[in-house]
>>> print(open('work20.txt').read())   # compact mmCIF, C-alpha atoms and all ligand atoms
# COMPACT_ATOMS: atom_id res chain seq x y z
CA MET S 22 101.01 61.15 121.92
CA THR S 23 97.88 63.07 120.86
CA THR S 24 97.49 66.72 121.74
CA ALA S 25 95.10 67.86 124.39
CA GLY S 26 91.70 68.08 122.74
CA ALA S 27 90.53 70.96 124.84
CA ARG S 28 89.31 74.08 123.11
CA ASP S 29 90.27 76.12 126.15
CA LEU S 30 93.92 75.05 126.11
CA ARG S 31 95.99 77.86 127.59
CA VAL S 32 98.33 79.24 124.92
CA GLY S 33 101.41 81.36 125.63
CA VAL S 34 103.32 83.11 122.84
CA LEU S 35 107.03 83.99 122.86
CA ALA S 36 108.25 86.62 120.41
CA SER S 37 111.17 88.99 119.87
CA GLY S 38 110.15 91.31 117.06
CA SER S 39 107.36 92.62 114.91
CA GLY S 40 104.90 89.92 115.89
CA SER S 41 103.03 89.57 112.61
CA ASN S 42 102.63 85.87 113.41
CA LEU S 43 101.34 86.76 116.87
CA GLN S 44 98.83 89.01 115.09
CA ALA S 45 97.78 86.15 112.82
CA LEU S 46 97.10 83.98 115.89
CA ILE S 47 95.12 86.80 117.51
CA ASP S 48 93.11 87.42 114.34
CA ALA S 49 92.36 83.70 114.05
CA GLY S 50 90.81 83.75 117.52
CA VAL S 51 93.48 81.73 119.35
CA GLN S 52 92.99 82.28 123.09
CA ILE S 53 96.38 83.63 124.16
CA VAL S 54 96.86 84.05 127.90
CA VAL S 55 100.26 85.76 127.77
CA LEU S 56 102.91 87.12 125.44
CA VAL S 57 106.48 87.01 126.72
CA CYS S 58 108.98 89.11 124.76
CA ASN S 59 112.74 89.26 125.35
CA VAL S 60 113.23 92.62 123.59
CA PRO S 61 112.00 95.77 125.36
CA GLY S 62 110.05 98.02 122.99
CA ALA S 63 109.42 95.34 120.33
CA LYS S 64 106.29 95.83 118.24
CA CYS S 65 104.81 92.49 119.31
CA LEU S 66 104.23 94.04 122.76
CA ASP S 67 101.99 96.73 121.24
CA ARG S 68 100.07 94.11 119.29
CA ALA S 69 99.41 92.09 122.45
CA LYS S 70 98.34 95.14 124.42
CA ALA S 71 96.01 96.28 121.62
CA ALA S 72 94.35 92.86 121.75
CA GLY S 73 94.02 92.96 125.54
CA ILE S 74 96.61 90.20 126.05
CA GLU S 75 98.94 90.39 129.00
CA ALA S 76 102.42 91.30 127.74
CA VAL S 77 105.52 90.51 129.78
CA VAL S 78 109.02 91.77 128.98
CA LEU S 79 111.76 89.38 130.05
CA ASP S 80 114.98 90.93 128.81
CA HIS S 81 117.67 88.28 128.36
CA HIS S 82 120.38 90.86 129.08
CA ALA S 83 119.32 90.78 132.71
CA PHE S 84 120.27 87.11 133.09
CA ALA S 85 123.69 85.54 133.52
CA SER S 86 123.00 82.35 131.58
CA ARG S 87 120.53 80.72 129.21
CA GLU S 88 119.55 78.37 132.02
CA ALA S 89 118.72 81.26 134.34
CA TYR S 90 116.70 82.98 131.62
CA ASP S 91 114.74 79.86 130.81
CA LEU S 92 113.94 79.26 134.48
CA ALA S 93 112.44 82.74 134.69
CA LEU S 94 110.57 82.15 131.44
CA LEU S 95 109.24 78.87 132.76
CA ALA S 96 108.06 80.59 135.92
CA GLU S 97 106.11 83.21 133.90
CA LEU S 98 104.41 80.51 131.85
CA LYS S 99 103.68 78.17 134.76
CA LYS S 100 102.26 81.07 136.76
CA ARG S 101 99.60 81.38 134.05
CA GLN S 102 99.12 77.62 133.58
CA VAL S 103 100.25 77.77 129.95
CA GLN S 104 99.84 74.41 128.20
CA LEU S 105 100.98 75.23 124.67
CA VAL S 106 103.90 77.54 123.87
CA CYS S 107 103.97 79.14 120.42
CA LEU S 108 107.22 80.66 119.19
CA ALA S 109 106.35 83.54 116.88
CA GLY S 110 109.73 84.92 115.90
CA PHE S 111 111.37 84.18 119.26
CA MET S 112 115.06 84.53 118.50
CA ARG S 113 116.44 82.28 121.21
CA LEU S 114 117.13 78.58 121.60
CA LEU S 115 115.38 76.93 124.52
CA THR S 116 117.25 74.79 127.04
CA ALA S 117 116.62 71.08 127.65
CA LYS S 118 115.27 71.91 131.09
CA PHE S 119 112.64 74.22 129.62
CA LEU S 120 111.63 71.78 126.91
CA ALA S 121 111.33 68.92 129.41
CA GLU S 122 108.49 70.87 131.04
CA PHE S 123 106.66 71.19 127.71
CA THR S 124 107.02 67.88 125.90
CA HIS S 125 105.46 68.16 122.44
CA ALA S 126 103.97 71.44 123.59
CA VAL S 127 106.32 74.01 122.02
CA ILE S 128 105.79 74.86 118.36
CA ASN S 129 107.63 77.22 116.05
CA VAL S 130 107.07 78.76 112.64
CA HIS S 131 110.11 78.95 110.38
CA PRO S 132 110.43 80.68 106.99
CA SER S 133 111.77 77.81 104.86
CA LEU S 134 110.96 74.24 103.92
CA LEU S 135 112.98 72.55 106.64
CA PRO S 136 115.42 70.87 106.81
CA ALA S 137 116.61 73.36 104.17
CA PHE S 138 117.82 76.73 105.41
CA PRO S 139 117.53 76.56 109.21
CA GLY S 140 118.65 79.46 111.40
CA ILE S 141 118.42 83.11 110.43
CA HIS S 142 117.98 84.82 107.03
CA SER S 143 116.26 81.79 105.49
CA ALA S 144 114.87 83.70 102.50
CA ARG S 145 118.35 85.10 101.82
CA GLN S 146 119.79 81.58 102.07
CA ALA S 147 117.15 80.27 99.64
CA LEU S 148 117.93 83.01 97.10
CA ALA S 149 121.68 82.45 97.41
CA TYR S 150 121.26 78.72 96.89
CA GLY S 151 119.07 79.21 93.85
CA VAL S 152 116.13 77.01 94.86
CA LYS S 153 112.93 77.39 92.83
CA LEU S 154 110.68 76.53 95.74
CA THR S 155 110.88 77.52 99.39
CA GLY S 156 108.14 78.13 101.95
CA CYS S 157 107.46 77.81 105.63
CA THR S 158 107.38 75.08 108.24
CA VAL S 159 105.54 74.70 111.53
CA HIS S 160 107.34 72.22 113.76
CA PHE S 161 107.74 71.00 117.30
CA VAL S 162 110.73 72.51 119.02
CA ASP S 163 113.64 70.46 120.29
CA GLU S 164 117.08 71.54 121.48
CA GLY S 165 118.45 72.02 117.99
CA THR S 166 118.08 74.95 115.64
CA ASP S 167 114.85 74.28 113.72
CA THR S 168 115.33 70.50 113.92
CA GLY S 169 112.16 69.26 115.67
CA PRO S 170 109.43 67.06 114.12
CA ILE S 171 107.59 68.78 111.28
CA ILE S 172 103.86 69.35 111.70
CA ALA S 173 102.99 71.19 108.47
CA GLN S 174 104.63 72.95 105.54
CA ALA S 175 103.53 75.30 102.77
CA ALA S 176 105.46 75.91 99.56
CA VAL S 177 106.21 79.31 98.06
CA PRO S 178 107.73 79.68 94.57
CA VAL S 179 110.89 81.71 94.06
CA PHE S 180 110.53 84.01 91.06
CA ASP S 181 113.27 85.26 88.74
CA GLY S 182 114.40 88.64 90.00
CA ASP S 183 113.05 88.10 93.54
CA ASP S 184 114.81 89.97 96.29
CA GLU S 185 114.89 88.98 99.94
CA ALA S 186 112.17 91.40 101.01
CA ARG S 187 109.70 90.31 98.32
CA LEU S 188 110.32 86.61 98.93
CA GLN S 189 110.10 87.04 102.71
CA ALA S 190 106.79 88.89 102.32
CA ARG S 191 105.30 86.06 100.23
CA ILE S 192 106.54 83.48 102.75
CA GLN S 193 104.91 85.45 105.55
CA VAL S 194 101.54 85.34 103.80
CA GLU S 195 101.76 81.55 104.03
CA GLU S 196 103.03 81.65 107.64
CA HIS S 197 100.03 83.73 108.67
CA ARG S 198 97.72 81.08 107.22
CA LEU S 199 99.59 77.94 108.31
CA PHE S 200 100.57 78.79 111.88
CA PRO S 201 97.04 79.55 113.16
CA ALA S 202 95.72 76.47 111.32
CA VAL S 203 98.26 74.25 113.09
CA VAL S 204 97.59 75.85 116.47
CA ALA S 205 93.85 75.30 115.98
CA ALA S 206 94.46 71.64 115.08
CA TYR S 207 96.67 71.20 118.13
CA VAL S 208 94.19 72.84 120.47
CA GLN S 209 91.43 70.62 119.07
CA GLY S 210 93.49 67.47 119.74
CA ARG S 211 93.97 66.64 116.07
CA VAL S 212 97.79 66.43 116.14
CA THR S 213 99.48 63.10 116.89
CA VAL S 214 103.24 62.64 117.32
CA GLN S 215 105.23 59.42 117.11
CA GLY S 216 108.95 60.01 117.04
CA ARG S 217 109.55 62.30 114.08
CA LYS S 218 106.22 61.45 112.44
CA VAL S 219 103.44 63.94 113.02
CA THR S 220 99.90 63.35 111.79
CA THR S 221 97.17 65.96 111.68
CA ARG S 222 93.57 64.75 111.30
C1 LIG S 301 108.91 84.75 110.90
O1 LIG S 301 109.34 84.80 109.57
C2 LIG S 301 109.10 83.38 111.48
O2 LIG S 301 109.08 82.37 110.54
C3 LIG S 301 110.48 83.46 112.09
O3 LIG S 301 110.60 84.76 112.57
C4 LIG S 301 109.77 85.63 111.79
C5 LIG S 301 108.96 86.43 112.76
O4 LIG S 301 108.18 87.39 112.11
N1 LIG S 301 110.65 82.45 113.11
P1 LIG S 301 107.06 88.16 112.90
O5 LIG S 301 107.71 88.82 114.09
O6 LIG S 301 106.02 87.18 113.29
O7 LIG S 301 106.55 89.17 111.92
>>> encode(input="work20.txt", output="structure tokens")
Amino acid sequence: MTTAGARDLRVGVLASGSGSNLQALIDAGVQIVVLVCNVPGAKCLDRAKAAGIEAVVLDHHAFASREAYDLALLAELKKRQVQLVCLAGFMRLLTAKFLAEFTHAVINVHPSLLPAFPGIHSARQALAYGVKLTGCTVHFVDEGTDTGPIIAQAAVPVFDGDDEARLQARIQVEEHRLFPAVVAAYVQGRVTVQGRKVTTR
């Protein structure tokens, strides 16, 4: 499967927090039609509004189940004809039903070289393990936690005496470069997926 090849692909972003990766997408000129955030008051909402992007709050506390939440999420995205969903620090797993509507059209940025250190606190995990190299990964999203096919990775060295905040900050510099580059490649139809193998031209 090769991605759309349309420069005007409609991109939706899901985020839960600060939204520095959302900002990187905005700054790179990605045409974002909507931000959906599950945390009322999160900074990503301000970033979207400042950029003139429609910002929707969909608080997960208001829903009885993950399935119910994802149905509402799906409705918000479909309403705006979103074709590519970018997870920019969206701290929720997506259900099979949601993902079935967006085959090879949900991508995430994660702060480690997957499959090492999935889940939360990846920089902390990397420091605790003692690796000399970590980084970030942009990957397609499946039902697992950070388990989908890998699109691109960037390495970041771990220095003696690093603490979590310093390492995380250096990883984020790479995220802010890699994520928009992958989104641009996807939007331009340069990403091809076959099983777990992803090729970017
Ligand atoms: C990033 O480190 C990303 O890899 C992870 O969540 C964090 C979100 O940061 N999935 P921000 O909200 O984009 O600043």
>>> residues_near_ligand(input="work20.txt", ligand="ligand LIG 301 (chain S)", cutoff="10 Å", atoms="all atoms listed in the file", output="NGL selection string")
:S and (36-46 or 63-65 or 108-113 or 129-133 or 139-144 or 156-159 or 167 or 189-190 or 192-197 or 200)
>>> atom_distance(input="work20.txt", atom1="CA of Pro201 in chain S", atom2="CA of Gly151 in chain S")
29.3 Å
>>> atom_distance(input="work20.txt", atom1="CA of Arg187 in chain S", atom2="CA of Phe138 in chain S")
17.3 Å
>>> residues_around(input="work20.txt", residues="Ala96 in chain S", least_positions_apart="3", cutoff="12 Å", atoms="all atoms listed in the file", output="list in words")
Val57, Val77, Leu79, Ala89, Tyr90, Asp91, Leu92, Ala93, Lys99, Lys100, Arg101, Gln102, Val103, Phe119 and Glu122 of chain S
>>> closest_residue(input="work20.txt", among="S:Gly50, S:Gly182, S:Pro136, S:Gly73", to="Pro170 in chain S", atoms="only C-alpha atoms")
S:Pro136
>>> residues_near_point(input="work20.txt", point="(99.5, 76.6, 126.3)", cutoff="10 Å", atoms="only C-alpha atoms", output="PyMOL selection string")
chain S and resi 25+29-34+52-55+98-99+101-107+123+126-127+208
>>> closest_residue(input="work20.txt", among="S:Leu115, S:Leu120, S:Ala69, S:Cys58", to="Ser86 in chain S", atoms="only C-alpha atoms")
S:Leu115
>>> closest_residue(input="work20.txt", among="S:Arg145, S:His125, S:Arg217, S:Arg191", to="Val162 in chain S", atoms="all atoms listed in the file")
S:His125
>>> atom_distance(input="work20.txt", atom1="CA of Ile128 in chain S", atom2="CA of Val212 in chain S")
11.8 Å
